[in-house]
Amino acid sequence: MHMPQQKSGPPSMSLDPLCHERRVSRCLLRALIIGLALLAGLPNRQPAEAQYYFGKNKVQYTDFDWRVMETEHFKLYFYQSERDLAEIAARSAEDSFRMLADRFNYHIERPIPLIIYSSSNFFSQTNVIPDLLPENVGGFTEFFKGRVVVPFHGSYADFDRVLRHELVHVYLSAKIPAVLRGHRKYNMSRIPLWLEEGLAEYFSGPWDSEADMVLSDMILTDRFFDIENIGAISGTYLMYKEGESFCHFLADTYGPESILRLLENWWKASDFDEIMQAALGKPLRKIGEEWKYWLKKKYFPTFATAELPALDARELTRPGYAVSPCPVRHTEEGITEDWVVFQANKLGYAGIYMVPLLGGEQREIKTLLKGERSPKFESLHLLRSDLDVHRDGRIAFASKNKERDRLYVLGLGARRILAEYDFPDLVFISSPAWSPDGKTLVFSGAGWDGRVDIYTLDVEHGETPVRCTQDFFNDLDPVFTPDGTAIVFASDRGRWGAQGYTNLFRLELGTGAISPVTCGRQQDRQPSFAPDGGQLIYSSDRGGLRNLYVLNADGTTEQWTKYASGAFNPRFTADGQHVIFSGYQELGLRVFEIAVPDSAYAIYEAADCPPAFTWQPPRIDAGDTRGVAKYSQKFSFDIAQSAVSYDAVYGTLGGFQTALTDVLGNKQYFFLLANNTDSKDNFISSFNVSATYLDRTGRINYGYGLFHLYDDYYDRTDGLFTERQYGGVAYLGYPISKFRRFEGSLIVRQSDRDYLVQDRKRETLLGTQYVSFVHDNSIWDLSGPIDGYRFRVSLGLTQDISNFEHFNRLGVIDVRKYFRLGRYSCLALWALGQSSSGEEPQRRYLGGSWSLRGYPRRAFYGRHVVLFSNELRFPLIDNLFIKFPPARMGFQAIRGAIFFDAGNAWDEEFDRMKGAVGLGARVSLGYFMVLRFDFARRTDFKKIDTDTKFDFFFGWNF
Amino acid sequence: MCFERQQRRDEAALIRRQPSEFPDLIRRLRLVVIVSGMVFLTVLSCMPNRVKVELADPIPGAGWIQPRLDDANTAFLDAPVTLPDQLLWEAKTGGDIRAEPTADRGIIVAAVQSSRLFFVDAATGKSLHREEFAGPPTSAIFVNDSLAFAVDAKKPHLYFWDIAYQRAGRELPITRTVAPPAFLPQGQLVQMYDGTVAMIGPDGDTVWTYHLPPPLLVEAAYAGERLYIVSGGKRVVCLRGDDGTLLWEHSSAGGHAASPAVDGLVYFGSLDSNFYALDCETGEMRWFFHTGGQIFTSPAVDRGRVYFGANDGFFYALDKQSGALIWKLSAGLVHNSSPVVWDTVVIFGTSDGRVLVVDAKVGRLVREFRTRGGIYCAPIVYQDRVYVADAKRRLYCFGPATRTE
């Protein structure tokens, strides 16, 4: 899949000891040089930002022992503990390669690098790309070196599908350029993201009930994004499913070969609309209309006999993502009543909440646990792990805690963690469930090899869980039977498991015998017993879409819901009269409640399930591999780009940067070459070069490099001067967790300045040490941070080594806090303080849209800086489309702001605080830029000026 | 603030007016390069990319060499084989070649996807001529003294060039076309485009048309005064040659991407991974053979067997009457190179860059040659040599170690 850039930090002002003043044409190049020489080396930063100031961390907790397996078309990188998985992955990759070669009618001749991880927790540590990977990323393809990176989640069928999905990207990135190259067409339309992901989904596997659920809901609730507006869901799961649906429509209407024909005709036009016209004979708009009509014909009949959850059930939560509801009787504020505990992603952070089961429309949702703000609850695996609540109020759940998952017990009454379990042999834990007596927990656990099995844990006495299954089947959603003697769980160990179908099975704890409970080509998940034990309710797609089914004691099965979307995680209430579940509607999951129905939509006879069936995922034959070797680093180009710019005053300049990295991205060499000469006399001496090495293999990231920089500067204190700097740099970064890190750098350089106006020179050897402590748990919307907080404390010391003198000192404190007020609104507070002293203190600018608004950019300049900024951010317009021929423009996330800034910068004497109040608007242009419009009036804190200052600039909110 | 800016500018200007810094060679050279580049780009963008052809004689009469060696597309050269032993020459073509080259009069003509026709001396590989068009040309065929080919562009045309490929000959504007033309014994032209099959008489007038759902991608086969056409959709039709009357029609489960061959039966592969044989008279399916992948190649038919490659990585030889598998050879991954049968051997290219010469009877590999890139067009046999083009923009000539005249 394409990975939208994970943004978590703006390009704020740089803590750069070497840059005093930047002229327009040079500053970008300068930032590039400095960024690569110094700041690109600092660990675990977000990409696409010249100055890595804040940002979350990608932590390499695990030391992997990498190997390489060569097959006919792949180089597969794996670590020793996942050797079995590697052989299965190799076979799956080769099979998919052949299938896709046929479908795309194209032969990729170069070997494809394939990197696999046995768990999503390990996958999140990959250095192949520097971005942080959201948990919902199932894999990715990196296009510069063509690396495919895929995690394993326990199901071989799902793994096979994800692998094939990523290989489709490899094929598309090879096929289309080959078609264009063959026709000598180079400046042609890139395949739209929605179509590319749609093709990847289309070729990776059959259309399934989950896809049906999403499209059905979109059509029936009028939330479908047609071709013209599909950009509004770019990068989302909805886009994937719409794209996949479009491909199925094309195949169904124009024939399966129409897709290949579309790719083969890519050279015929530079516009995607024209390409469609050339390939299919109709304009894109017309085809889009046909598609929409095709979908309506497909799904509208469903509505005649099926409902949507909100029309049939009582809604307990607001729109969003609320899953895994568990009813419990609980006393809160002296009132004993039925509550529903659930997991949800509210406003960007996942957490555990509860809501009264009854109580009218004004039900207040209480927060029990805030997740994703601290390393202890880094991820609650919202869509992959359920929680369970015992009747005594203990909540069992799993969460990622740094490298691996831990099992937690949260006290409902105490509102604190009662127990925490860490199992060194388990990497991933999901869906814990209580035994009826509350003394044992059963859960799914994945080991280092990726296999998912059932475990039980005596919570009172046990430290080591007992492994109940030990095989390669994917065992999920375990629950105890009411008598506690057996466990019912979902697994792919059935006859159709090799194709990814999951049925329910029963494990006798005494004997270990496993027998089928349900069977068939369907997904049966999340079983739960009625309080009296007479019925087992679960979610299944045996009828086409995910609905609730009940297995009776006599073996018959009843269908209790018939929704046109989907129903999951069913639980009986304590009285057995109601069922709580999570229902999909209007692009989200909510918690619903229904009464136990008097009659069922359908009744199925007792199934005659076949006995235990063993299947094995196919593995690569030894003869089909070219051996396995220890991983050795071979470097190749990772990025290469050049830039030329022209300034009317300062002339032209150009630069080139490139990097060499190994396949895993653990070790990197960055090279920068630029020249900013404006005469032949100093052509040689005007070269700016740097070579930097960065090692991100382990927990501690470090790097070192050499550089030579030469540039012209202007400083308000020193005037115009040229400076040549050359020396070495070393840096070290230690991420404490995803949210915090220490970092430090040491720079030793010869600094030669020629003050042109003052007609003097300064040549000296300087040594600078910096240490910083950074925290960032903020989350962003399209214009900047909107929740959480972040801070940075930095101390710097520079010595004049030549003269054994102190040169300057620097201290910076930067704190930013965001108080969430609503989905798109918050109150943002920023406090910044800087102080520097010494022979050549470091000065900082204030003024302009990025700091003190109402004043010109860089209005104030001094070695002491103080700034307080308060901003109320709120939504104005979610999406604005301006259509005028021949183009149309779209703007997302137009936000408003009311602000009050106060601050000043000074050298010796502090004058007074400068202030400004005002209004602003932010217009997001996707993930790459935010346009800023500010209207401010200055204030001396006694009165407000009547003169309004307008500022237009770009950049993220602070 | 304004004063400071002005002061900065003044200081900068002061620096730049230092005598030693102007004028200098680097600045002059930079200026020259930039201006030259701009002029060059301007001139290039104004250059016309269409060939102007003067109208000359009407469509020529009989006598042609079809890309698949005969009008029935059997690709069977019934002449004693001279096994190639070595690469004799390779020539750069300037683009990918997917359409089958044509050879006659000592010249190899290749339709290059980068909108060019490439002419090379068959004996030496020396480039004789290149011509650029507004779009990629289809397979060319020699007709009497003319070279006929179509160009697929915004304004598609059918061209007839004289033997010396001078810019002279006839040019027919036609509706958008994607299929190479085919010529019939009586001198008629069969042109297929956008859902229309058109028979054009020797005088240039349209004799008849027949409409098929588009796309029409590949040339028709002609045998027994009948035209056999497979559409890019799922239809196969048989038309009477003289008036275009539909004689029969067959619907496949998948589309078609390669021309059929006719030799008693109509043979063609489908994108549904099946290879079919239909009765020429009735269109009734006599047999079909299932493979593991889509079929993008035209078959070759000899005395007893039919040959084709499929995208399951195998090359097949079937009994042409019964469809029984005689042999199959694992060769490459995808097959786009239609085979040619030369007496007792069958020759084809593979997507992993090999030219295979295989004993047609038993499927034993007789010769193997490597090219730089994958091969996606059919090889041709001309004057005892084998010519083939690859995806690395090269044309190759393989022949015997000592050439007998």
# chains A, B, ... in the order shown; residues from 1 in each chain; ligands from 1
>>> residues_around(residues="segment 222-235 of chain B", least_positions_apart="2", cutoff="9 Å", atoms="only C-alpha atoms", output="mmCIF file with C-alpha atoms, in the first residue's frame")
data_model
loop_
_atom_site.group_PDB
_atom_site.id
_atom_site.type_symbol
_atom_site.label_atom_id
_atom_site.label_comp_id
_atom_site.auth_asym_id
_atom_site.auth_seq_id
_atom_site.Cartn_x
_atom_site.Cartn_y
_atom_site.Cartn_z
ATOM 1 C CA TYR A 254 -16.119 -4.708 -19.516
ATOM 2 C CA GLY A 255 -14.478 -8.040 -18.963
ATOM 3 C CA GLU A 257 -9.182 -8.206 -19.642
ATOM 4 C CA SER A 258 -10.310 -4.578 -19.541
ATOM 5 C CA ASP B 70 0.371 -16.858 -44.954
ATOM 6 C CA ASP B 71 -3.112 -15.482 -45.020
ATOM 7 C CA ALA B 72 -4.313 -18.184 -42.665
ATOM 8 C CA ASN B 73 -1.748 -17.138 -40.049
ATOM 9 C CA ALA B 182 -4.554 -7.795 -43.762
ATOM 10 C CA PHE B 183 -4.571 -8.233 -47.505
ATOM 11 C CA LEU B 184 -6.524 -10.794 -49.412
ATOM 12 C CA GLY B 195 -15.708 -2.199 -33.709
ATOM 13 C CA LEU B 212 -18.262 -6.117 -33.877
ATOM 14 C CA PRO B 213 -18.128 -4.912 -30.306
ATOM 15 C CA PRO B 214 -14.746 -3.275 -29.778
ATOM 16 C CA PRO B 215 -11.912 -3.613 -29.292
ATOM 17 C CA LEU B 216 -10.482 -5.228 -32.382
ATOM 18 C CA LEU B 217 -6.857 -5.723 -31.650
ATOM 19 C CA VAL B 218 -5.366 -8.350 -33.936
ATOM 20 C CA GLU B 219 -5.282 -9.167 -37.607
ATOM 21 C CA ALA B 220 -7.815 -11.482 -39.182
ATOM 22 C CA VAL B 237 -16.839 -14.564 -36.028
ATOM 23 C CA CYS B 238 -16.546 -15.984 -39.484
ATOM 24 C CA LEU B 239 -17.460 -13.722 -42.386
ATOM 25 C CA ARG B 240 -17.767 -14.489 -46.039
ATOM 26 C CA GLY B 241 -14.902 -12.743 -47.708
ATOM 27 C CA ASP B 242 -16.675 -11.209 -50.643
ATOM 28 C CA GLY B 244 -19.041 -9.743 -45.190
ATOM 29 C CA LEU B 247 -21.505 -17.238 -41.392
ATOM 30 C CA GLU B 249 -20.320 -16.706 -34.395
ATOM 31 C CA HIS B 250 -18.796 -18.158 -31.258
ATOM 32 C CA SER B 251 -18.721 -16.711 -27.738
ATOM 33 C CA SER B 252 -15.766 -17.395 -25.514
ATOM 34 C CA ALA B 253 -15.534 -17.141 -21.785
ATOM 35 C CA GLY B 254 -12.642 -14.741 -22.094
ATOM 36 C CA GLY B 255 -11.328 -12.105 -24.436
ATOM 37 C CA HIS B 256 -8.732 -12.587 -27.117
ATOM 38 C CA ALA B 257 -5.409 -10.908 -27.569
ATOM 39 C CA ALA B 258 -3.833 -12.722 -30.518
ATOM 40 C CA SER B 259 -4.840 -13.550 -34.061
ATOM 41 C CA PRO B 260 -6.217 -16.979 -34.907
ATOM 42 C CA ALA B 261 -4.698 -19.541 -37.240
ATOM 43 C CA VAL B 262 -6.729 -21.566 -39.687
ATOM 44 C CA ASP B 263 -5.810 -24.996 -40.961
ATOM 45 C CA VAL B 266 -9.817 -22.322 -36.425
ATOM 46 C CA PHE B 268 -6.952 -19.454 -31.085
ATOM 47 C CA SER B 270 -8.175 -16.954 -24.957
ATOM 48 C CA CYS B 280 -14.271 -23.772 -39.886
#
>>> residues_around(residues="segment 153-158 of chain A", least_positions_apart="4", cutoff="8 Å", atoms="only C-alpha atoms", output="PyMOL selection string")
chain A and resi 118-120+162+446+450-452+473-474+492+498-500+617
>>> write_last_selection(atoms="C-alpha atoms", output="CSV table (one decimal), in the first residue's frame")
chain,number,residue,atom,x,y,z
A,118,SER,CA,6.5,-12.3,12.6
A,119,SER,CA,4.5,-9.7,14.5
A,120,SER,CA,3.1,-6.3,14.0
A,162,VAL,CA,-1.3,-9.0,2.1
A,446,ALA,CA,1.6,-15.0,19.5
A,450,GLY,CA,4.3,-15.5,14.9
A,451,ARG,CA,2.2,-18.5,15.7
A,452,VAL,CA,-1.0,-17.7,17.6
A,473,PHE,CA,-3.3,-22.6,13.2
A,474,ASN,CA,-4.6,-19.1,14.0
A,492,ASP,CA,-8.8,-21.7,10.9
A,498,ALA,CA,-6.4,-22.9,4.3
A,499,GLN,CA,-8.6,-20.5,2.4
A,500,GLY,CA,-8.9,-18.3,5.4
A,617,PRO,CA,0.5,-24.1,4.6
>>> interface_residues(of="chain B", to="chain A", cutoff="6 Å", atoms="only C-alpha atoms", output="compact mmCIF listing (two decimals) with N, CA and C atoms, in the first residue's frame")
# COMPACT_ATOMS: atom_id res chain seq x y z
N GLU B 21 34.87 40.39 -9.44
CA GLU B 21 33.82 39.39 -9.57
C GLU B 21 33.02 39.56 -10.83
N GLY B 95 13.48 1.49 -29.35
CA GLY B 95 12.21 1.34 -28.64
C GLY B 95 11.80 -0.11 -28.55
N ASP B 96 10.79 -0.36 -27.76
CA ASP B 96 10.27 -1.73 -27.63
C ASP B 96 9.58 -2.15 -28.91
N GLN B 113 7.45 0.65 -30.76
CA GLN B 113 6.36 1.26 -29.99
C GLN B 113 6.55 2.74 -29.75
N SER B 114 7.78 3.19 -29.86
CA SER B 114 8.02 4.62 -29.68
C SER B 114 7.72 5.39 -30.95
N GLY B 293 -2.74 -20.37 -17.51
CA GLY B 293 -2.58 -18.93 -17.58
C GLY B 293 -3.21 -18.37 -18.85
N ASN B 311 0.60 -18.14 -20.32
CA ASN B 311 1.18 -17.40 -19.19
C ASN B 311 1.28 -18.23 -17.92
>>> residues_around(residues="segment 335-352 of chain B", least_positions_apart="4", cutoff="6 Å", atoms="only C-alpha atoms", output="list in words")
Ala75, Phe76, Leu77, Asp78, Ala79, Pro80, Val81, Phe296, Thr297, Ser298, Ala300, Gly309, Ala310, Asn311, Leu356, Val357, Val358, Asp359, Ala360, Gly374, Ile375, Tyr376, Cys377 and Ala378 of chain B
>>> write_last_selection(atoms="N, CA and C atoms", output="mmCIF file, in the first residue's frame")
data_model
loop_
_atom_site.group_PDB
_atom_site.id
_atom_site.type_symbol
_atom_site.label_atom_id
_atom_site.label_comp_id
_atom_site.auth_asym_id
_atom_site.auth_seq_id
_atom_site.Cartn_x
_atom_site.Cartn_y
_atom_site.Cartn_z
ATOM 1 N N ALA B 75 1.809 -19.514 -39.653
ATOM 2 C CA ALA B 75 3.210 -19.324 -39.251
ATOM 3 C C ALA B 75 4.023 -20.595 -39.463
ATOM 4 N N PHE B 76 3.761 -21.264 -40.555
ATOM 5 C CA PHE B 76 4.470 -22.508 -40.867
ATOM 6 C C PHE B 76 5.288 -22.289 -42.121
ATOM 7 N N LEU B 77 6.585 -22.389 -41.993
ATOM 8 C CA LEU B 77 7.483 -22.247 -43.120
ATOM 9 C C LEU B 77 7.898 -23.642 -43.546
ATOM 10 N N ASP B 78 7.345 -24.061 -44.646
ATOM 11 C CA ASP B 78 7.592 -25.431 -45.114
ATOM 12 C C ASP B 78 8.822 -25.417 -46.006
ATOM 13 N N ALA B 79 9.944 -25.221 -45.423
ATOM 14 C CA ALA B 79 11.211 -25.203 -46.157
ATOM 15 C C ALA B 79 12.252 -25.859 -45.268
ATOM 16 N N PRO B 80 13.251 -26.482 -45.849
ATOM 17 C CA PRO B 80 14.253 -27.165 -45.015
ATOM 18 C C PRO B 80 14.881 -26.197 -44.016
ATOM 19 N N VAL B 81 14.963 -26.664 -42.816
ATOM 20 C CA VAL B 81 15.462 -25.778 -41.750
ATOM 21 C C VAL B 81 16.981 -25.725 -41.793
ATOM 22 N N PHE B 296 -1.651 -15.177 -24.757
ATOM 23 C CA PHE B 296 -1.470 -13.951 -25.511
ATOM 24 C C PHE B 296 -0.788 -14.194 -26.856
ATOM 25 N N THR B 297 -0.564 -15.438 -27.177
ATOM 26 C CA THR B 297 0.165 -15.711 -28.412
ATOM 27 C C THR B 297 -0.761 -16.252 -29.492
ATOM 28 N N SER B 298 -0.391 -15.954 -30.738
ATOM 29 C CA SER B 298 -1.046 -16.613 -31.863
ATOM 30 C C SER B 298 -0.440 -17.988 -32.018
ATOM 31 N N ALA B 300 0.892 -21.435 -33.946
ATOM 32 C CA ALA B 300 1.489 -21.866 -35.207
ATOM 33 C C ALA B 300 0.987 -23.283 -35.466
ATOM 34 N N GLY B 309 2.132 -20.637 -26.635
ATOM 35 C CA GLY B 309 2.620 -20.463 -25.280
ATOM 36 C C GLY B 309 1.532 -19.855 -24.417
ATOM 37 N N ALA B 310 1.568 -20.145 -23.129
ATOM 38 C CA ALA B 310 0.578 -19.604 -22.188
ATOM 39 C C ALA B 310 1.300 -18.957 -21.018
ATOM 40 N N ASN B 311 0.595 -18.136 -20.316
ATOM 41 C CA ASN B 311 1.182 -17.404 -19.187
ATOM 42 C C ASN B 311 1.281 -18.231 -17.915
ATOM 43 N N LEU B 356 14.282 -19.794 -28.140
ATOM 44 C CA LEU B 356 14.344 -21.247 -28.065
ATOM 45 C C LEU B 356 14.012 -21.856 -29.425
ATOM 46 N N VAL B 357 14.845 -22.773 -29.838
ATOM 47 C CA VAL B 357 14.590 -23.571 -31.040
ATOM 48 C C VAL B 357 14.338 -24.987 -30.545
ATOM 49 N N VAL B 358 13.144 -25.469 -30.780
ATOM 50 C CA VAL B 358 12.712 -26.715 -30.158
ATOM 51 C C VAL B 358 12.308 -27.715 -31.240
ATOM 52 N N ASP B 359 12.688 -28.933 -31.045
ATOM 53 C CA ASP B 359 12.256 -29.992 -31.962
ATOM 54 C C ASP B 359 10.738 -30.078 -31.900
ATOM 55 N N ALA B 360 10.083 -29.859 -33.007
ATOM 56 C CA ALA B 360 8.629 -29.761 -33.016
ATOM 57 C C ALA B 360 7.947 -31.085 -32.695
ATOM 58 N N GLY B 374 13.603 -9.382 -22.153
ATOM 59 C CA GLY B 374 12.539 -10.311 -22.474
ATOM 60 C C GLY B 374 12.031 -10.108 -23.896
ATOM 61 N N ILE B 375 11.496 -11.149 -24.442
ATOM 62 C CA ILE B 375 11.021 -11.118 -25.837
ATOM 63 C C ILE B 375 9.507 -11.169 -25.838
ATOM 64 N N TYR B 376 8.913 -10.150 -26.440
ATOM 65 C CA TYR B 376 7.457 -10.047 -26.431
ATOM 66 C C TYR B 376 6.881 -9.996 -27.833
ATOM 67 N N CYS B 377 7.688 -10.244 -28.835
ATOM 68 C CA CYS B 377 7.152 -10.289 -30.184
ATOM 69 C C CYS B 377 7.571 -11.595 -30.834
ATOM 70 N N ALA B 378 6.893 -11.930 -31.908
ATOM 71 C CA ALA B 378 7.193 -13.202 -32.571
ATOM 72 C C ALA B 378 8.508 -13.119 -33.335
#
>>> residues_around(residues="Ala110 of chain B", least_positions_apart="3", cutoff="6 Å", atoms="only C-alpha atoms", output="list of chain:residue names")
B:Pro101, B:Leu117, B:Phe118
>>> select_by_dssp(residues="segment 94-324 of chain B", states="strand (DSSP E)", output="VMD selection string")
chain B and resid 102 to 104 107 to 112 116 to 121 127 to 132 141 to 143 146 to 151 157 to 162 171 to 173 182 to 183 189 to 193 196 to 200 206 to 211 221 to 223 226 to 230 235 to 240 246 to 251 261 to 262 265 to 269 274 to 279 285 to 290 300 to 301 305 to 309 314 to 319
>>> closest_residue(among="A:Val591, A:Ala513, A:Ala606, A:Val596", to="Pro325 of chain A", atoms="only C-alpha atoms")
A:Val591
>>> residues_around(residues="Trp207 of chain A", least_positions_apart="6", cutoff="9 Å", atoms="only C-alpha atoms", output="number ranges by chain")
A: 201, 244-245, 248
>>> select_by_dssp(residues="segment 199-252 of chain A", states="helix (DSSP H, G or I)", output="ChimeraX atom specification")
/A:199-204,209-220,227-233,237-252
>>> closest_residue(among="B:Lys92, B:Arg105, B:Lys361, B:Arg30", to="Arg394 of chain B", atoms="only C-alpha atoms")
B:Lys92
>>> residues_around(residues="Trp339 of chain A", least_positions_apart="6", cutoff="6 Å", atoms="only C-alpha atoms", output="MDAnalysis selection string")
chainID A and resid 327:329 355:357
>>> closest_residue(among="A:Ser869, A:Thr768, A:Ser209, A:Ser234", to="Ser540 of chain A", atoms="only C-alpha atoms")
A:Ser209
>>> atom_distance(atom1="atom CA of Leu709 of chain A", atom2="atom CA of Thr697 of chain A")
28.9 Å
>>> residues_around(residues="Cys519 of chain A", least_positions_apart="5", cutoff="8 Å", atoms="only C-alpha atoms", output="CSV table (one decimal) with N, CA and C atoms, in the first residue's frame")
chain,number,residue,atom,x,y,z
A,494,GLY,N,-10.1,-25.6,10.6
A,494,GLY,CA,-11.1,-26.5,9.9
A,494,GLY,C,-10.8,-26.8,8.5
A,503,ASN,N,-13.8,-21.1,11.8
A,503,ASN,CA,-14.9,-21.6,12.5
A,503,ASN,C,-14.7,-21.7,14.0
A,504,LEU,N,-15.7,-22.1,14.7
A,504,LEU,CA,-15.6,-22.2,16.2
A,504,LEU,C,-15.2,-23.7,16.6
A,607,ALA,N,-25.4,-28.8,12.3
A,607,ALA,CA,-24.4,-29.1,11.2
A,607,ALA,C,-23.7,-30.4,11.6
A,609,CYS,N,-20.5,-31.5,11.3
A,609,CYS,CA,-19.2,-31.0,11.0
A,609,CYS,C,-18.2,-32.1,10.8
A,610,PRO,N,-17.4,-32.0,9.9
A,610,PRO,CA,-16.4,-33.1,9.7
A,610,PRO,C,-15.4,-33.1,10.9
